[in-house]
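Okay, model-v5.tsv now, which holds TSV, C-alpha atoms and all ligand atoms:
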chain	number	residue	atom	x	y	z
A	318	MET	CA	-0.50	45.16	-2.26
A	319	GLN	CA	1.35	41.88	-1.89
A	320	SER	CA	5.07	41.89	-2.46
A	321	ARG	CA	6.48	39.41	-4.97
A	322	LEU	CA	7.95	37.47	-2.06
A	323	ALA	CA	4.59	37.31	-0.30
A	324	LYS	CA	2.93	36.11	-3.49
A	325	LEU	CA	5.63	33.51	-3.95
A	326	LEU	CA	5.24	32.30	-0.37
A	327	THR	CA	1.48	32.13	-0.82
A	328	ALA	CA	1.93	30.08	-3.98
A	329	VAL	CA	4.28	27.70	-2.19
A	330	ALA	CA	1.99	27.41	0.82
A	331	THR	CA	-1.04	26.52	-1.27
A	332	ALA	CA	0.67	24.20	-3.73
A	333	THR	CA	-0.59	20.65	-3.59
A	334	ILE	CA	2.12	18.06	-3.67
A	335	LEU	CA	1.57	14.76	-5.42
A	336	ILE	CA	3.49	11.92	-3.84
A	337	ALA	CA	3.54	8.51	-5.47
A	338	VAL	CA	3.57	5.49	-3.19
A	339	PRO	CA	3.54	2.63	-5.68
A	340	ALA	CA	3.33	-0.97	-4.62
A	341	GLN	CA	5.03	-4.19	-5.47
A	342	ALA	CA	3.28	-7.47	-5.93
A	343	GLN	CA	2.85	-11.12	-5.16
A	344	GLN	CA	0.92	-13.04	-2.55
A	345	SER	CA	2.62	-16.04	-1.05
A	346	CYS	CA	2.31	-15.76	2.74
A	347	THR	CA	0.47	-18.63	4.30
A	348	GLY	CA	-1.01	-19.19	7.70
A	349	ALA	CA	-1.96	-15.61	8.47
A	350	PRO	CA	-5.55	-14.44	8.32
A	351	GLY	CA	-6.49	-11.94	5.64
A	352	HIS	CA	-7.62	-9.35	8.14
A	353	VAL	CA	-6.32	-8.84	11.69
A	354	GLN	CA	-6.88	-6.49	14.59
A	355	SER	CA	-4.50	-3.51	14.83
A	356	PRO	CA	-1.98	-2.33	15.77
A	357	VAL	CA	0.66	-4.97	15.12
A	358	GLU	CA	4.39	-5.42	15.26
A	359	ILE	CA	5.64	-5.54	11.68
A	360	ASP	CA	8.27	-8.10	10.80
A	361	ARG	CA	9.88	-6.81	7.61
A	362	SER	CA	11.16	-10.30	6.78
A	363	GLN	CA	7.58	-11.57	6.52
A	364	ASN	CA	6.78	-9.74	3.29
A	365	CYS	CA	4.23	-11.47	1.12
A	366	GLY	CA	4.82	-9.02	-1.70
A	367	ALA	CA	1.42	-8.31	-3.18
A	368	ALA	CA	-0.85	-6.94	-5.83
A	369	THR	CA	-1.62	-3.93	-3.65
A	370	PRO	CA	-3.14	-0.82	-5.17
A	371	ALA	CA	-0.83	2.02	-6.15
A	372	ILE	CA	-1.21	5.06	-3.91
A	373	THR	CA	-0.80	8.70	-4.87
A	374	ILE	CA	-0.98	11.17	-2.01
A	375	SER	CA	-2.35	14.62	-2.85
A	376	TYR	CA	-1.65	16.86	0.11
A	377	GLY	CA	-1.06	20.59	0.31
A	378	TYR	CA	-1.33	22.94	3.25
A	379	ALA	CA	-4.68	22.85	5.03
A	380	ASP	CA	-6.56	25.00	7.50
A	381	GLY	CA	-8.92	23.34	9.93
A	382	GLN	CA	-9.81	22.50	13.49
A	383	MET	CA	-7.71	20.97	16.21
A	384	GLN	CA	-9.42	19.04	18.99
A	385	PHE	CA	-8.46	17.35	22.22
A	386	ARG	CA	-11.18	14.78	21.71
A	387	ASP	CA	-13.14	13.16	24.48
A	388	LYS	CA	-14.08	10.20	22.31
A	389	ASN	CA	-15.98	8.40	25.07
A	390	LEU	CA	-17.70	11.63	26.10
A	391	ASN	CA	-17.05	10.69	29.71
A	392	GLY	CA	-15.19	13.84	30.76
A	393	VAL	CA	-12.11	11.86	31.78
A	394	VAL	CA	-8.87	11.61	29.82
A	395	ASP	CA	-8.38	7.97	28.89
A	396	ASN	CA	-6.49	5.97	26.30
A	397	HIS	CA	-9.35	6.19	23.78
A	398	ASP	CA	-9.06	9.99	23.57
A	399	ASP	CA	-6.73	11.76	21.19
A	400	VAL	CA	-5.48	15.02	19.74
A	401	SER	CA	-6.72	15.44	16.20
A	402	PHE	CA	-6.64	17.78	13.23
A	403	VAL	CA	-9.71	17.92	11.00
A	404	PRO	CA	-8.89	19.71	7.73
A	405	ASP	CA	-11.42	21.83	5.94
A	406	GLN	CA	-11.98	20.49	2.44
A	407	LEU	CA	-10.94	23.62	0.52
A	408	SER	CA	-7.53	22.16	-0.25
A	409	ASP	CA	-9.10	18.75	-1.00
A	410	PRO	CA	-6.50	16.59	0.78
A	411	HIS	CA	-6.89	13.04	-0.49
A	412	ILE	CA	-5.21	9.95	-1.80
A	413	MET	CA	-5.87	7.85	-4.85
A	414	TYR	CA	-5.86	4.21	-3.74
A	415	GLY	CA	-5.80	2.39	-7.03
A	416	THR	CA	-8.45	4.23	-9.03
A	417	THR	CA	-10.56	5.20	-6.01
A	418	LYS	CA	-10.43	8.58	-4.29
A	419	TYR	CA	-10.24	8.56	-0.49
A	420	GLU	CA	-10.68	11.91	1.28
A	421	LEU	CA	-8.50	12.78	4.27
A	422	THR	CA	-10.99	13.14	7.13
A	423	GLU	CA	-8.58	13.66	10.04
A	424	VAL	CA	-5.06	13.32	11.35
A	425	HIS	CA	-4.80	12.17	14.97
A	426	TYR	CA	-1.97	11.28	17.28
A	427	HIS	CA	-1.12	8.39	19.57
A	428	PHE	CA	1.51	8.53	22.31
A	429	ASP	CA	3.49	6.23	22.26
A	430	ALA	CA	3.35	4.80	18.75
A	431	GLU	CA	0.94	1.90	18.17
A	432	HIS	CA	2.76	0.18	15.31
A	433	LYS	CA	6.29	-1.03	15.79
A	434	PHE	CA	8.87	-2.67	13.57
A	435	GLN	CA	10.45	-5.81	14.90
A	436	GLY	CA	13.98	-5.11	16.09
A	437	GLN	CA	13.34	-1.40	16.61
A	438	ALA	CA	12.34	0.45	19.77
A	439	ALA	CA	8.79	1.79	19.84
A	440	ALA	CA	8.58	5.40	18.64
A	441	PRO	CA	7.21	7.98	21.10
A	442	ALA	CA	4.37	9.02	18.79
A	443	GLU	CA	2.40	7.97	15.72
A	444	ALA	CA	0.17	10.02	13.46
A	445	HIS	CA	-2.77	8.39	11.71
A	446	PHE	CA	-3.97	9.96	8.47
A	447	VAL	CA	-7.53	8.61	8.12
A	448	HIS	CA	-9.05	8.50	4.63
A	449	LYS	CA	-12.50	7.39	3.53
A	450	ASP	CA	-14.01	6.77	0.12
A	451	ALA	CA	-17.62	7.43	-0.82
A	452	SER	CA	-18.69	4.06	0.60
A	453	GLY	CA	-16.94	4.61	3.93
A	454	ASP	CA	-14.09	2.20	3.21
A	455	THR	CA	-11.01	3.31	5.15
A	456	VAL	CA	-7.31	3.70	4.32
A	457	VAL	CA	-5.02	4.91	7.13
A	458	LEU	CA	-1.46	6.11	6.63
A	459	GLY	CA	0.59	5.45	9.76
A	460	VAL	CA	3.60	7.71	10.41
A	461	LEU	CA	5.91	6.84	13.29
A	462	ILE	CA	7.40	9.97	14.86
A	463	ASP	CA	10.74	10.24	16.62
A	464	GLY	CA	11.32	12.84	19.31
A	465	VAL	CA	14.43	14.93	18.62
A	466	GLY	CA	15.98	18.21	19.75
A	467	VAL	CA	15.48	20.02	16.47
A	468	PRO	CA	13.24	18.26	13.93
A	469	ALA	CA	14.00	18.39	10.22
A	470	SER	CA	10.56	19.95	9.71
A	471	ASP	CA	8.15	21.72	12.07
A	472	ALA	CA	5.17	20.11	10.30
A	473	HIS	CA	4.14	18.10	13.38
A	474	ASP	CA	5.28	20.70	15.91
A	475	HIS	CA	2.98	23.29	14.35
A	476	PRO	CA	-0.30	21.54	15.31
A	477	LEU	CA	1.13	20.01	18.50
A	478	ASN	CA	2.69	23.13	19.99
A	479	GLY	CA	0.56	24.62	22.71
A	480	VAL	CA	-2.13	21.93	22.79
A	481	PRO	CA	-4.14	22.74	25.94
A	482	ASP	CA	-4.55	20.03	28.57
A	483	THR	CA	-8.32	20.68	28.65
A	484	LEU	CA	-10.21	17.64	27.42
A	485	GLY	CA	-12.83	18.62	24.85
A	486	ALA	CA	-11.00	21.79	23.76
A	487	SER	CA	-11.06	22.74	20.09
A	488	TRP	CA	-9.37	25.56	18.27
A	489	SER	CA	-8.74	26.77	14.72
A	490	ILE	CA	-5.40	26.34	13.00
A	491	GLY	CA	-4.03	27.49	9.66
A	492	SER	CA	-1.41	26.29	7.21
A	493	VAL	CA	-0.94	22.74	8.44
A	494	ASN	CA	1.76	21.23	6.24
A	495	LEU	CA	0.23	17.83	5.53
A	496	ALA	CA	2.88	16.75	3.02
A	497	GLY	CA	5.61	17.79	5.44
A	498	MET	CA	4.18	15.47	8.09
A	499	LEU	CA	5.13	12.43	6.01
A	500	PRO	CA	8.58	10.89	6.35
A	501	ALA	CA	11.18	11.71	3.72
A	502	GLY	CA	11.25	8.12	2.42
A	503	LYS	CA	7.90	6.82	1.20
A	504	ALA	CA	8.55	3.06	1.31
A	505	SER	CA	5.70	1.47	3.23
A	506	PHE	CA	4.34	-1.79	4.55
A	507	ARG	CA	0.70	-2.60	4.01
A	508	TYR	CA	-1.66	-5.01	5.66
A	509	SER	CA	-5.36	-5.53	6.24
A	510	GLY	CA	-6.12	-4.58	9.83
A	511	SER	CA	-8.58	-2.55	11.86
A	512	LEU	CA	-9.18	0.76	13.54
A	513	THR	CA	-7.29	0.78	16.84
A	514	SER	CA	-10.27	2.21	18.73
A	515	SER	CA	-13.97	1.42	18.71
A	516	PRO	CA	-15.63	0.26	16.47
A	517	TYR	CA	-12.43	-1.58	15.34
A	518	THR	CA	-13.72	-1.85	11.77
A	519	PRO	CA	-11.50	-2.93	8.84
A	520	VAL	CA	-8.73	-0.66	7.60
A	521	HIS	CA	-6.27	-0.84	4.72
A	522	TRP	CA	-3.10	0.01	6.63
A	523	VAL	CA	-0.11	1.76	5.04
A	524	VAL	CA	2.70	2.10	7.60
A	525	PHE	CA	5.73	4.03	6.42
A	526	ASN	CA	9.10	2.39	6.91
A	527	ASP	CA	10.83	5.69	7.70
A	528	HIS	CA	9.99	7.94	10.63
A	529	ALA	CA	9.04	11.61	10.77
A	530	GLU	CA	10.31	13.89	13.54
A	531	ALA	CA	8.91	16.25	16.14
A	532	THR	CA	10.48	18.06	19.06
A	533	ALA	CA	10.81	15.62	21.97
A	534	SER	CA	9.62	18.18	24.54
A	535	THR	CA	6.52	18.92	22.44
A	536	ILE	CA	5.64	15.23	22.27
A	537	ALA	CA	6.11	14.94	26.04
A	538	GLN	CA	3.87	17.93	26.67
A	539	VAL	CA	0.99	16.65	24.52
A	540	LYS	CA	1.31	13.15	25.97
A	541	ALA	CA	1.32	14.35	29.59
A	542	PRO	CA	-2.47	14.48	30.16
A	543	PHE	CA	-2.71	10.81	29.10
A	544	GLY	CA	-0.21	9.73	31.75
A	545	ALA	CA	2.76	7.42	31.30
A	546	ALA	CA	0.74	4.79	29.40
A	547	GLY	CA	-0.35	7.32	26.79
A	548	ASN	CA	-3.30	6.83	24.42
A	549	ASN	CA	-2.59	3.71	22.45
A	550	ARG	CA	-4.04	0.28	21.95
A	551	GLY	CA	-1.70	-2.59	22.75
A	552	ARG	CA	-0.19	-4.42	19.82
A	553	GLN	CA	-2.32	-7.37	18.80
A	554	ASN	CA	-0.76	-10.78	18.89
A	555	VAL	CA	-1.49	-11.83	15.32
A	556	ALA	CA	0.99	-11.62	12.46
A	557	PRO	CA	-0.64	-9.98	9.46
A	558	ARG	CA	0.05	-10.57	5.80
A	559	ILE	CA	2.42	-7.72	5.06
A	560	HIS	CA	2.94	-6.27	1.62
A	561	PRO	CA	5.64	-3.79	0.66
A	562	GLY	CA	4.96	-0.57	-1.14
A	563	ASN	CA	8.21	0.93	-2.36
A	564	PRO	CA	8.69	4.18	-4.22
B	601	ZN	ZN	-5.31	6.08	15.44

Hey, can you dump this file as structure tokens for me?
Ligand SMILES: [Zn+2]
Amino acid sequence: MQSRLAKLLTAVATATILIAVPAQAQQSCTGAPGHVQSPVEIDRSQNCGAATPAITISYGYADGQMQFRDKNLNGVVDNHDDVSFVPDQLSDPHIMYGTTKYELTEVHYHFDAEHKFQGQAAAPAEAHFVHKDASGDTVVLGVLIDGVGVPASDAHDHPLNGVPDTLGASWSIGSVNLAGMLPAGKASFRYSGSLTSSPYTPVHWVVFNDHAEATASTIAQVKAPFGAAGNNRGRQNVAPRIHPGNP
């Protein structure tokens, strides 16, 4: 028989958290193409404003599969490979992007971060929360991750701790705290870009202004098989139209 505390903890662990990420509006940037290749360096001063869709994130805890993915299927660790979490759909992790539902299909990691804010050092890691709607249209939430001694939350350490250095490995994981992986502040910058690996198809990017945290030694351990260069695409030399989304 479950104790009251155990029941309470279960209730907390399974609760889905709704997080509003509303947007502001206007569209006055000129000279930049509507859709660019990603990742990019984001210049906060180049806000266009925008009529961007409101976003509500609906994340709880999820069980699923971790993978050290050999994306090229070539048996060699290279910068196209990644470490990913694929949630089962029982907890229905998703976002509403405007009035359209986009399911969370995976969370994967890049070392070092791909996006960067002008005037700030590049973060040592970035998590990409990939969402797709019924038509295959893609929204990715980008979370820059700082490496610290003791992170405010173990949400990223939980899936990253003990990742084997065996390319192609996969393993089950429980109770991944998806909401806890997001930064505390939900202000974001949005632009129309692309996937940062093949097939480089269009993506609605939402890059959070604030960073999340993970243990620095854990980041270093997961990055190690990729070598010093890590698994990231270089920043593309085109300034996007950037739109703010502030809570
Ligand atoms: Zn990515």

Could the residues that lie within 9 Å of ligand ZN 601 (chain B), counting only C-alpha atoms and all ligand atoms, be listed as a short mmCIF file (atom, residue, chain, number, x, y, z; two decimals) with C-alpha atoms, in the coordinates of the input?
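Below you can see part.cif, which holds the result:
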data_model
loop_
_atom_site.label_atom_id
_atom_site.label_comp_id
_atom_site.auth_asym_id
_atom_site.auth_seq_id
_atom_site.Cartn_x
_atom_site.Cartn_y
_atom_site.Cartn_z
CA ASP A 399 -6.73 11.76 21.19
CA VAL A 424 -5.06 13.32 11.35
CA HIS A 425 -4.80 12.17 14.97
CA TYR A 426 -1.97 11.28 17.28
CA HIS A 427 -1.12 8.39 19.57
CA GLU A 431 0.94 1.90 18.17
CA GLU A 443 2.40 7.97 15.72
CA ALA A 444 0.17 10.02 13.46
CA HIS A 445 -2.77 8.39 11.71
CA PHE A 446 -3.97 9.96 8.47
CA VAL A 447 -7.53 8.61 8.12
CA VAL A 457 -5.02 4.91 7.13
CA GLY A 459 0.59 5.45 9.76
CA LEU A 512 -9.18 0.76 13.54
CA THR A 513 -7.29 0.78 16.84
CA SER A 514 -10.27 2.21 18.73
CA ASN A 549 -2.59 3.71 22.45
CA ARG A 550 -4.04 0.28 21.95
#

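Pairwise distance (CA of Ser487 in chain A, CA of Gln382 in chain A) equals 6.7 Å.
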
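Closest to Asn364 in chain A among A:Gly544, A:Pro557, A:Gly497, A:Gly415 is A:Pro557, based on only C-alpha atoms.
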
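In terms of minimum interatomic distance to Met383 in chain A, A:Val493 ranks closest within A:Ile462, A:Met413, A:Val555, A:Val493, counting only C-alpha atoms.
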
### Query
Which value, in Å to one decimal, gives the distance between CA of Asn478 in chain A and CA of Gln384 in chain A?
12.8 Å

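Minimum atom-to-atom distance to Asp454 in chain A, evaluated using all atoms listed in the file, belongs to A:Thr417 out of A:Thr417, A:Gln354, A:Gln437, A:Ser470.
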
#### Entry: Selected residue of minimal separation from Thr532 in chain A among A:Pro481, A:Asp471, A:Tyr378, A:Ser489, counting all atoms listed in the file
A:Asp471

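Around the coordinate (0.6, -1.6, 17.2), residues that reach within 9 Å when counting all atoms listed in the file are Ser355, Pro356, Val357, Glu358, Ile359, Ala430, Glu431, His432, Lys433, Thr513, Asn549, Arg550, Gly551, Arg552 and Gln553 of chain A.
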
Write to file, as a CSV table (one decimal), keeping the file's coordinate frame, the residues of the selection just made, with C-alpha atoms.
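Full text of out00.csv as output:
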chain,number,residue,atom,x,y,z
A,355,SER,CA,-4.5,-3.5,14.8
A,356,PRO,CA,-2.0,-2.3,15.8
A,357,VAL,CA,0.7,-5.0,15.1
A,358,GLU,CA,4.4,-5.4,15.3
A,359,ILE,CA,5.6,-5.5,11.7
A,430,ALA,CA,3.4,4.8,18.8
A,431,GLU,CA,0.9,1.9,18.2
A,432,HIS,CA,2.8,0.2,15.3
A,433,LYS,CA,6.3,-1.0,15.8
A,513,THR,CA,-7.3,0.8,16.8
A,549,ASN,CA,-2.6,3.7,22.4
A,550,ARG,CA,-4.0,0.3,22.0
A,551,GLY,CA,-1.7,-2.6,22.8
A,552,ARG,CA,-0.2,-4.4,19.8
A,553,GLN,CA,-2.3,-7.4,18.8

### Atomic separation - CA of Pro370 in chain A relative to CA of Asp527 in chain A, Å
20.1 Å

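Of the residues listed (A:Val460, A:Ile559, A:Cys365, A:Asn389), A:Val460 shows the shortest atom-to-atom separation from Met498 in chain A; distances use only C-alpha atoms.
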
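The protein and nucleic acid residues lying at most 6 Å from range 518-522 of chain A are Thr455, Val456, Val457, Arg507, Tyr508, Ser509, Gly510, Ser511 and Leu512 of chain A, with all atoms listed in the file considered and sequence neighbours fewer than 6 positions away removed.
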
### Message
Applying 6 Å and all atoms listed in the file, which residues near Phe428 in chain A remain after dropping the ones on its own chain fewer than 2 positions away? List them as a count of residues only.
### Response
6

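Comparing the minimum interatomic distances between Gly436 in chain A and each of A:Asn396, A:Ser362, A:Thr416, A:Ser515, counting only C-alpha atoms, we find that A:Ser362 sits nearest.
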
Do a neighbour search on Asp409 in chain A at 12 Å with all atoms listed in the file, toss out local chain neighbours closer than 5 positions, and write the hits as a tab-separated table (two decimals) with C-alpha atoms, in the frame of the given file.
chain	number	residue	atom	x	y	z
A	331	THR	CA	-1.04	26.52	-1.27
A	332	ALA	CA	0.67	24.20	-3.73
A	333	THR	CA	-0.59	20.65	-3.59
A	334	ILE	CA	2.12	18.06	-3.67
A	374	ILE	CA	-0.98	11.17	-2.01
A	375	SER	CA	-2.35	14.62	-2.85
A	376	TYR	CA	-1.65	16.86	0.11
A	377	GLY	CA	-1.06	20.59	0.31
A	378	TYR	CA	-1.33	22.94	3.25
A	379	ALA	CA	-4.68	22.85	5.03
A	380	ASP	CA	-6.56	25.00	7.50
A	381	GLY	CA	-8.92	23.34	9.93
A	404	PRO	CA	-8.89	19.71	7.73
A	418	LYS	CA	-10.43	8.58	-4.29
A	419	TYR	CA	-10.24	8.56	-0.49
A	420	GLU	CA	-10.68	11.91	1.28
A	421	LEU	CA	-8.50	12.78	4.27
A	422	THR	CA	-10.99	13.14	7.13
A	448	HIS	CA	-9.05	8.50	4.63
A	495	LEU	CA	0.23	17.83	5.53

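These residues, each with an atom at most 10 Å from (7.2, 22.2, 20.4) using only C-alpha atoms, are Gly466, Val467, Pro468, Asp471, His473, Asp474, His475, Pro476, Leu477, Asn478, Gly479, Val480, Ala531, Thr532, Ala533, Ser534, Thr535, Ile536, Ala537, Gln538 and Val539 of chain A.
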